[in-house]
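Text of coords32.cif, listed as mmCIF, C-alpha atoms:
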```cif
data_query
#
loop_
_atom_site.label_atom_id
_atom_site.label_comp_id
_atom_site.auth_asym_id
_atom_site.auth_seq_id
_atom_site.Cartn_x
_atom_site.Cartn_y
_atom_site.Cartn_z
CA GLY N 825 2.90 11.78 -13.51
CA ASN N 826 3.00 8.21 -12.32
CA SER N 827 0.04 5.89 -12.69
CA VAL N 828 -0.74 2.19 -12.41
CA THR N 829 -3.58 0.43 -14.17
CA GLN N 830 -4.80 -3.00 -13.08
CA MET N 831 -7.42 -5.27 -14.51
CA GLU N 832 -10.75 -4.91 -12.77
CA GLY N 833 -11.97 -7.70 -10.62
CA PRO N 834 -13.25 -9.68 -9.10
CA VAL N 835 -11.41 -12.62 -10.56
CA THR N 836 -12.98 -15.94 -9.63
CA LEU N 837 -11.02 -19.15 -10.20
CA SER N 838 -11.22 -22.76 -9.20
CA GLU N 839 -8.45 -24.19 -7.09
CA GLU N 840 -5.40 -25.24 -9.14
CA ALA N 841 -6.29 -22.89 -12.00
CA PHE N 842 -3.74 -20.58 -13.61
CA LEU N 843 -3.81 -16.97 -12.52
CA THR N 844 -2.88 -13.82 -14.41
CA ILE N 845 -3.56 -10.33 -13.11
CA ASN N 846 -2.56 -7.64 -15.56
CA CYS N 847 -0.75 -4.49 -14.52
CA THR N 848 0.59 -1.69 -16.71
CA TYR N 849 2.22 1.51 -15.62
CA THR N 850 3.13 5.01 -16.71
CA ALA N 851 6.20 6.61 -15.21
CA THR N 852 9.20 8.68 -16.08
CA GLY N 853 12.61 7.20 -15.58
CA TYR N 854 13.14 3.73 -14.21
CA PRO N 855 10.70 2.88 -11.45
CA SER N 856 10.73 -0.13 -9.15
CA LEU N 857 7.62 -2.27 -9.38
CA PHE N 858 5.80 -4.13 -6.63
CA TRP N 859 2.91 -6.46 -5.97
CA TYR N 860 1.27 -6.20 -2.58
CA VAL N 861 -1.38 -8.55 -1.21
CA GLN N 862 -4.12 -7.70 1.27
CA TYR N 863 -5.83 -10.60 3.02
CA PRO N 864 -9.28 -9.97 4.51
CA GLY N 865 -9.16 -7.67 7.51
CA GLU N 866 -5.42 -7.10 7.28
CA GLY N 867 -2.97 -4.52 6.03
CA LEU N 868 -0.93 -4.84 2.87
CA GLN N 869 2.04 -7.18 2.64
CA LEU N 870 4.76 -7.11 0.04
CA LEU N 871 4.41 -10.12 -2.24
CA LEU N 872 7.25 -9.48 -4.69
CA LYS N 873 9.20 -6.72 -6.35
CA ALA N 874 11.46 -5.98 -9.30
CA THR N 875 13.82 -3.07 -9.56
CA LYS N 876 14.94 -3.04 -13.18
CA ALA N 877 13.89 -4.14 -16.65
CA ASP N 878 13.72 -7.91 -17.23
CA ASP N 879 13.96 -8.64 -13.50
CA LYS N 880 11.61 -11.34 -12.30
CA GLY N 881 10.19 -11.12 -8.80
CA SER N 882 8.89 -14.30 -7.21
CA ASN N 883 7.44 -15.43 -3.91
CA LYS N 884 5.02 -18.13 -2.71
CA GLY N 885 4.62 -19.45 -6.26
CA PHE N 886 3.74 -16.02 -7.67
CA GLU N 887 5.88 -14.42 -10.36
CA ALA N 888 6.00 -11.13 -12.24
CA THR N 889 8.48 -9.90 -14.83
CA TYR N 890 9.37 -6.24 -15.31
CA ARG N 891 8.73 -5.57 -19.01
CA LYS N 892 9.91 -2.11 -19.91
CA GLU N 893 9.03 -2.42 -23.59
CA THR N 894 5.37 -3.01 -22.75
CA THR N 895 5.42 -1.09 -19.42
CA SER N 896 3.88 -4.10 -17.73
CA PHE N 897 4.31 -6.18 -14.57
CA HIS N 898 1.71 -8.92 -14.81
CA LEU N 899 1.26 -11.24 -11.82
CA GLU N 900 1.05 -14.98 -12.49
CA LYS N 901 0.69 -18.17 -10.52
CA GLY N 902 0.53 -21.63 -12.01
CA SER N 903 -1.87 -23.20 -9.51
CA VAL N 904 -3.89 -21.08 -7.12
CA GLN N 905 -5.16 -22.21 -3.75
CA VAL N 906 -8.15 -21.12 -1.69
CA SER N 907 -5.70 -19.43 0.67
CA ASP N 908 -4.65 -17.09 -2.16
CA SER N 909 -8.03 -15.35 -2.01
CA ALA N 910 -7.18 -11.72 -1.35
CA VAL N 911 -6.88 -8.32 -3.00
CA TYR N 912 -3.74 -7.78 -5.05
CA PHE N 913 -2.26 -4.34 -5.64
CA CYS N 914 0.30 -3.40 -8.24
CA ALA N 915 2.46 -0.40 -7.32
CA LEU N 916 5.44 1.56 -8.52
CA LYS N 917 8.09 3.63 -6.83
CA ASN N 918 9.98 6.18 -8.80
CA THR N 919 13.38 7.52 -7.99
CA GLY N 920 13.43 10.46 -5.64
CA THR N 921 12.82 11.12 -2.02
CA ALA N 922 10.75 9.20 0.46
CA SER N 923 10.07 6.05 -1.49
CA LYS N 924 6.51 7.10 -2.27
CA LEU N 925 4.39 4.38 -3.80
CA THR N 926 1.74 4.81 -6.49
CA PHE N 927 -0.88 2.06 -6.30
CA GLY N 928 -3.29 0.55 -8.74
CA THR N 929 -6.91 0.14 -7.72
CA GLY N 930 -6.50 -3.47 -6.64
CA THR N 931 -7.86 -6.74 -8.02
CA ARG N 932 -9.88 -9.05 -5.83
CA LEU N 933 -9.17 -12.75 -6.32
CA GLN N 934 -11.63 -15.37 -5.12
CA VAL N 935 -10.54 -19.00 -5.33
CA THR N 936 -13.14 -21.71 -4.86
CA LEU N 937 -12.89 -25.45 -4.32
CA ASN S 1492 8.63 -7.23 17.44
CA ALA S 1493 5.15 -5.88 16.73
CA GLY S 1494 5.99 -4.19 13.40
CA VAL S 1495 3.55 -1.39 12.59
CA THR S 1496 0.58 -0.90 14.88
CA GLN S 1497 -2.36 1.47 14.55
CA THR S 1498 -4.77 2.85 17.13
CA PRO S 1499 -7.77 2.73 17.10
CA LYS S 1500 -8.98 -0.08 14.83
CA PHE S 1501 -12.44 1.41 14.35
CA ARG S 1502 -13.98 4.81 15.00
CA VAL S 1503 -17.25 6.56 14.24
CA LEU S 1504 -17.29 10.36 14.27
CA LYS S 1505 -19.91 13.00 13.71
CA THR S 1506 -19.29 15.73 11.15
CA GLY S 1507 -17.13 18.44 12.67
CA GLN S 1508 -15.57 16.31 15.39
CA SER S 1509 -11.82 15.90 15.63
CA MET S 1510 -9.65 12.89 16.25
CA THR S 1511 -6.09 11.63 16.05
CA LEU S 1512 -4.94 8.32 14.62
CA LEU S 1513 -1.75 6.91 16.06
CA CYS S 1514 0.80 4.85 14.17
CA ALA S 1515 3.75 3.25 15.92
CA GLN S 1516 6.62 1.17 14.53
CA ASP S 1517 9.33 -0.66 16.41
CA MET S 1518 11.67 -1.32 13.47
CA ASN S 1519 13.69 1.90 13.76
CA HIS S 1520 12.45 2.99 10.34
CA GLU S 1521 13.20 6.50 9.11
CA TYR S 1522 10.27 6.86 6.73
CA MET S 1523 6.60 6.76 7.63
CA TYR S 1524 3.46 7.22 5.55
CA TRP S 1525 -0.28 7.66 5.90
CA TYR S 1526 -2.57 6.33 3.17
CA ARG S 1527 -6.29 6.17 2.73
CA GLN S 1528 -8.01 3.31 0.94
CA ASP S 1529 -11.30 3.88 -0.82
CA PRO S 1530 -13.29 1.46 -2.98
CA GLY S 1531 -12.14 1.48 -6.59
CA MET S 1532 -9.31 3.92 -5.89
CA GLY S 1533 -6.54 1.86 -4.39
CA LEU S 1534 -4.38 3.55 -1.77
CA ARG S 1535 -3.60 7.24 -1.91
CA LEU S 1536 -0.85 8.95 0.02
CA ILE S 1537 -2.02 11.60 2.49
CA HIS S 1538 1.19 12.72 4.22
CA TYR S 1539 4.58 11.24 4.82
CA SER S 1540 7.70 11.81 6.90
CA VAL S 1541 11.35 11.29 6.04
CA GLY S 1542 12.52 11.47 9.63
CA GLU S 1543 11.78 12.65 13.15
CA GLY S 1544 10.49 16.21 13.15
CA THR S 1545 9.73 16.28 9.41
CA THR S 1546 6.47 15.96 7.48
CA ALA S 1547 5.43 16.49 3.88
CA LYS S 1548 2.24 16.48 1.83
CA GLY S 1549 1.24 13.57 -0.31
CA GLU S 1550 -1.40 13.22 -2.97
CA VAL S 1551 -4.51 14.03 -0.87
CA PRO S 1552 -3.43 16.13 2.16
CA ASP S 1553 -6.41 18.48 2.51
CA GLY S 1554 -8.30 18.17 5.78
CA TYR S 1555 -5.48 16.30 7.53
CA ASN S 1556 -2.49 17.24 9.63
CA VAL S 1557 0.38 15.09 10.83
CA SER S 1558 3.17 15.17 13.35
CA ARG S 1559 6.33 13.11 13.89
CA LEU S 1560 7.66 14.19 17.26
CA LYS S 1561 9.27 10.81 17.91
CA LYS S 1562 10.90 8.58 15.35
CA GLN S 1563 8.68 5.64 16.17
CA ASN S 1564 5.34 7.49 16.05
CA PHE S 1565 3.43 9.19 13.26
CA LEU S 1566 0.14 10.87 14.12
CA LEU S 1567 -2.64 11.72 11.68
CA GLY S 1568 -5.13 14.37 12.78
CA LEU S 1569 -8.55 15.32 11.50
CA GLU S 1570 -9.46 18.74 12.89
CA SER S 1571 -13.03 18.85 11.59
CA ALA S 1572 -14.15 15.55 10.18
CA ALA S 1573 -16.27 15.40 7.03
CA PRO S 1574 -18.22 12.49 5.52
CA SER S 1575 -15.74 12.50 2.60
CA GLN S 1576 -13.10 11.33 5.09
CA THR S 1577 -14.91 8.06 5.66
CA SER S 1578 -12.26 5.57 4.66
CA VAL S 1579 -9.80 2.96 5.82
CA TYR S 1580 -6.51 4.53 6.87
CA PHE S 1581 -3.23 2.68 6.65
CA CYS S 1582 0.09 3.63 8.09
CA ALA S 1583 3.33 2.29 6.66
CA SER S 1584 7.03 2.60 7.34
CA SER S 1585 10.26 1.84 5.57
CA TYR S 1586 13.92 1.82 6.52
CA SER S 1587 15.25 3.51 3.44
CA THR S 1588 14.25 4.66 -0.01
CA SER S 1589 16.37 2.38 -2.13
CA GLY S 1590 17.98 -0.97 -2.48
CA LEU S 1591 16.98 -3.98 -0.44
CA THR S 1592 15.56 -2.07 2.51
CA ASP S 1593 12.98 0.19 0.87
CA THR S 1594 10.05 -2.16 1.40
CA GLN S 1595 7.09 -0.48 3.05
CA TYR S 1596 5.54 -2.35 5.98
CA PHE S 1597 1.88 -1.68 6.61
CA GLY S 1598 -0.22 -1.56 9.73
CA PRO S 1599 -3.58 -3.35 10.00
CA GLY S 1600 -5.61 -0.22 9.27
CA THR S 1601 -8.15 2.02 10.97
CA ARG S 1602 -11.71 2.02 9.69
CA LEU S 1603 -13.19 5.50 10.14
CA THR S 1604 -16.80 6.42 9.51
CA VAL S 1605 -17.92 10.05 9.57
CA LEU S 1606 -21.66 10.55 9.88
#
```
Show the structure stored in the file as structure tokens.
Amino acid sequence: GNSVTQMEGPVTLSEEAFLTINCTYTATGYPSLFWYVQYPGEGLQLLLKATKADDKGSNKGFEATYRKETTSFHLEKGSVQVSDSAVYFCALKNTGTASKLTFGTGTRLQVTL
Amino acid sequence: NAGVTQTPKFRVLKTGQSMTLLCAQDMNHEYMYWYRQDPGMGLRLIHYSVGEGTTAKGEVPDGYNVSRLKKQNFLLGLESAAPSQTSVYFCASSYSTSGLTDTQYFGPGTRLTVL
């Protein structure tokens, strides 16, 4: 079956530090990969996505590259801000009906001044 | 354009009580989903719907029922609540299942506590 594994948090960084949150997946076929972000007290929002191998998704300074050879989709940002403090979820969607998502357990990021 | 809304935001139930969570979307989306979010477990799919009048089981459907009588609404029911159903429930919707329009949009969540 499908599964997503994320690095455990919390991750605590100083403002302007470099961020990496690791994500690896197990799936049959050619899934689409997503990063969602959940700010405190809110629902999840799509941050970025990639639909095929070697695609790079990017948004708000965050990037992730779909690496089929290592089954990974690591999230990176060159310089984090306090406003980036949130929980980040990696997810995959396999081909088939209903666009069902399989989520990782989430990684909490705390950015301090 | 409100997106995806959920009612109520918070609820406390006693074991054995019943309740219904309402999800509404105003984006004319075909697909709707109910997830639960538990610490250390991410989000897990409870039930989903691929269109008005249809429902299907997800990963953790036991103890829940759903209905999609109108395209814009997706109801999640707990007939006899149990403490194991204490969780945060999220509804989501999407326009399609592929291409540029398969993004799922999430509601703000309902925090349910079962005593």
> Counting all atoms listed in the file, which residues of chain N come no farther than 12 Å from chain S, as a PyMOL selection string?
Replying inline: chain N and resi 825-834+855-876+911-932
>> Could you tell me how far atom CA of S:Leu1566 sits from atom CA of S:Cys1514, in Å to one decimal place?
In response: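 Taking atom CA of S:Cys1514 and atom CA of S:Leu1566, their separation equals 6.1 Å.
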>> I'd like the neighbourhood of S:Gly1507 as a PyMOL selection string, where a residue qualifies if any of its atoms comes within 7 Å (using all atoms listed in the file), though same-chain residues fewer than 4 positions away should be ignored.
In response: chain S and resi 1571-1573
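Every protein, DNA or RNA residue with an atom at most 8 Å from N:Phe842, where all atoms listed in the file count and chain neighbours fewer than 6 positions away do not, is listed here: Glu900, Lys901, Gly902, Ser903 and Val904 of chain N.
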Take the residues from that selection and write them out as a compact mmCIF listing (two decimals), in the frame of the given file, keeping C-alpha atoms.
```txt
# COMPACT_ATOMS: atom_id res chain seq x y z
CA GLU N 900 1.05 -14.98 -12.49
CA LYS N 901 0.69 -18.17 -10.52
CA GLY N 902 0.53 -21.63 -12.01
CA SER N 903 -1.87 -23.20 -9.51
CA VAL N 904 -3.89 -21.08 -7.12
```
>> Need to verify the contact set: stretch 1551-1565 of chain S, 6 Å, all atoms listed in the file, exclusion of same-chain residues closer than 6 positions in sequence. Can you return it as a PyMOL selection string?
In response: chain S and resi 1514-1516+1537+1543-1544
> Do you have the atom CA of S:Asn1519-atom CA of N:Phe886 distance handy?
Replying inline: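 One can read the atom CA of S:Asn1519 to atom CA of N:Phe886 distance as 29.7 Å.
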> Which is closer to N:His898 than all the others in N:Thr836, N:Ala841, N:Leu933, N:Asn846, using only C-alpha atoms?
Replying inline: N:Asn846
>> Residues within 10 Å of S:Thr1604, please, as a ChimeraX atom specification. Count all atoms listed in the file; anything in the same chain fewer than 4 positions from it doesn't count.
In response: /S:1501-1506,1572-1579
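What separates atom CA of N:Lys892 from atom CA of N:Ala877 is a distance of 5.5 Å.
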Would you place a box with edges along x, y and z of the file around all atoms of stretch 1562-1567 of chain S listed there, add 4 Å to each of its six sides, and report the centre and edge lengths in Å to one decimal, as AutoDock Vina command-line options?
```
--center_x 4.1 --center_y 8.7 --center_z 13.9 --size_x 21.5 --size_y 14.1 --size_z 12.5
```
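Of the residues under consideration (S:Gly1568, S:Ala1493, S:Val1605, S:Met1510), S:Gly1568 shows the shortest atom-to-atom contact distance to S:His1538 when counting only C-alpha atoms.
Taken over the shown file, the PyMOL selection byres ((chain N and resi 906) around 8) identifies N:Glu839, N:Val904, N:Gln905, N:Ser907, N:Asp908, N:Ser909, N:Gln934, N:Val935, N:Thr936, N:Leu937.
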What would stretch 837-860 of chain N look like with N, CA, C and O atoms in place, written as an mmCIF file, in the frame of the given file?
```cif
data_model
loop_
_atom_site.group_PDB
_atom_site.id
_atom_site.type_symbol
_atom_site.label_atom_id
_atom_site.label_comp_id
_atom_site.auth_asym_id
_atom_site.auth_seq_id
_atom_site.Cartn_x
_atom_site.Cartn_y
_atom_site.Cartn_z
ATOM 1 N N LEU N 837 -11.657 -17.969 -9.624
ATOM 2 C CA LEU N 837 -11.020 -19.150 -10.200
ATOM 3 C C LEU N 837 -11.267 -20.364 -9.334
ATOM 4 O O LEU N 837 -11.465 -20.238 -8.117
ATOM 5 N N SER N 838 -11.189 -21.503 -9.951
ATOM 6 C CA SER N 838 -11.220 -22.760 -9.200
ATOM 7 C C SER N 838 -9.820 -23.084 -8.719
ATOM 8 O O SER N 838 -8.825 -22.668 -9.333
ATOM 9 N N GLU N 839 -9.753 -23.796 -7.630
ATOM 10 C CA GLU N 839 -8.450 -24.190 -7.090
ATOM 11 C C GLU N 839 -7.660 -24.938 -8.164
ATOM 12 O O GLU N 839 -8.213 -25.714 -8.924
ATOM 13 N N GLU N 840 -6.358 -24.660 -8.200
ATOM 14 C CA GLU N 840 -5.400 -25.240 -9.140
ATOM 15 C C GLU N 840 -5.447 -24.592 -10.516
ATOM 16 O O GLU N 840 -4.694 -24.997 -11.405
ATOM 17 N N ALA N 841 -6.273 -23.593 -10.723
ATOM 18 C CA ALA N 841 -6.290 -22.890 -12.000
ATOM 19 C C ALA N 841 -5.095 -21.956 -12.110
ATOM 20 O O ALA N 841 -4.451 -21.617 -11.110
ATOM 21 N N PHE N 842 -4.827 -21.534 -13.341
ATOM 22 C CA PHE N 842 -3.740 -20.580 -13.610
ATOM 23 C C PHE N 842 -4.256 -19.162 -13.439
ATOM 24 O O PHE N 842 -5.349 -18.823 -13.882
ATOM 25 N N LEU N 843 -3.415 -18.346 -12.803
ATOM 26 C CA LEU N 843 -3.810 -16.970 -12.520
ATOM 27 C C LEU N 843 -2.940 -15.991 -13.294
ATOM 28 O O LEU N 843 -1.707 -16.130 -13.319
ATOM 29 N N THR N 844 -3.573 -15.002 -13.906
ATOM 30 C CA THR N 844 -2.880 -13.820 -14.410
ATOM 31 C C THR N 844 -3.666 -12.595 -13.989
ATOM 32 O O THR N 844 -4.877 -12.534 -14.208
ATOM 33 N N ILE N 845 -2.975 -11.642 -13.390
ATOM 34 C CA ILE N 845 -3.560 -10.330 -13.110
ATOM 35 C C ILE N 845 -2.693 -9.311 -13.829
ATOM 36 O O ILE N 845 -1.501 -9.187 -13.557
ATOM 37 N N ASN N 846 -3.315 -8.595 -14.748
ATOM 38 C CA ASN N 846 -2.560 -7.640 -15.560
ATOM 39 C C ASN N 846 -2.299 -6.337 -14.831
ATOM 40 O O ASN N 846 -3.151 -5.842 -14.083
ATOM 41 N N CYS N 847 -1.124 -5.786 -15.076
ATOM 42 C CA CYS N 847 -0.750 -4.490 -14.520
ATOM 43 C C CYS N 847 0.119 -3.763 -15.541
ATOM 44 O O CYS N 847 1.103 -4.320 -16.039
ATOM 45 N N THR N 848 -0.253 -2.543 -15.870
ATOM 46 C CA THR N 848 0.590 -1.690 -16.710
ATOM 47 C C THR N 848 0.817 -0.375 -15.980
ATOM 48 O O THR N 848 0.036 0.008 -15.099
ATOM 49 N N TYR N 849 1.865 0.307 -16.355
ATOM 50 C CA TYR N 849 2.220 1.510 -15.620
ATOM 51 C C TYR N 849 2.647 2.622 -16.568
ATOM 52 O O TYR N 849 3.022 2.374 -17.717
ATOM 53 N N THR N 850 2.595 3.827 -16.041
ATOM 54 C CA THR N 850 3.130 5.010 -16.710
ATOM 55 C C THR N 850 4.040 5.706 -15.714
ATOM 56 O O THR N 850 3.621 5.977 -14.577
ATOM 57 N N ALA N 851 5.253 5.953 -16.109
ATOM 58 C CA ALA N 851 6.200 6.610 -15.210
ATOM 59 C C ALA N 851 7.347 7.168 -16.022
ATOM 60 O O ALA N 851 7.677 6.665 -17.092
ATOM 61 N N THR N 852 7.956 8.195 -15.483
ATOM 62 C CA THR N 852 9.200 8.680 -16.080
ATOM 63 C C THR N 852 10.355 7.935 -15.436
ATOM 64 O O THR N 852 10.248 7.432 -14.316
ATOM 65 N N GLY N 853 11.427 7.833 -16.143
ATOM 66 C CA GLY N 853 12.610 7.200 -15.580
ATOM 67 C C GLY N 853 12.472 5.699 -15.450
ATOM 68 O O GLY N 853 11.821 5.045 -16.269
ATOM 69 N N TYR N 854 13.063 5.176 -14.391
ATOM 70 C CA TYR N 854 13.140 3.730 -14.210
ATOM 71 C C TYR N 854 12.597 3.341 -12.845
ATOM 72 O O TYR N 854 13.350 3.188 -11.890
ATOM 73 N N PRO N 855 11.293 3.169 -12.762
ATOM 74 C CA PRO N 855 10.700 2.880 -11.450
ATOM 75 C C PRO N 855 10.972 1.453 -10.992
ATOM 76 O O PRO N 855 11.300 0.579 -11.802
ATOM 77 N N SER N 856 10.826 1.224 -9.703
ATOM 78 C CA SER N 856 10.730 -0.130 -9.150
ATOM 79 C C SER N 856 9.263 -0.508 -9.134
ATOM 80 O O SER N 856 8.388 0.340 -8.968
ATOM 81 N N LEU N 857 8.991 -1.786 -9.299
ATOM 82 C CA LEU N 857 7.620 -2.270 -9.380
ATOM 83 C C LEU N 857 7.357 -3.303 -8.300
ATOM 84 O O LEU N 857 8.255 -4.090 -7.954
ATOM 85 N N PHE N 858 6.143 -3.293 -7.775
ATOM 86 C CA PHE N 858 5.800 -4.130 -6.630
ATOM 87 C C PHE N 858 4.417 -4.765 -6.841
ATOM 88 O O PHE N 858 3.548 -4.197 -7.513
ATOM 89 N N TRP N 859 4.233 -5.903 -6.221
ATOM 90 C CA TRP N 859 2.910 -6.460 -5.970
ATOM 91 C C TRP N 859 2.754 -6.614 -4.470
ATOM 92 O O TRP N 859 3.605 -7.232 -3.804
ATOM 93 N N TYR N 860 1.658 -6.032 -3.973
ATOM 94 C CA TYR N 860 1.270 -6.200 -2.580
ATOM 95 C C TYR N 860 -0.002 -7.031 -2.531
ATOM 96 O O TYR N 860 -0.837 -6.984 -3.441
#
```
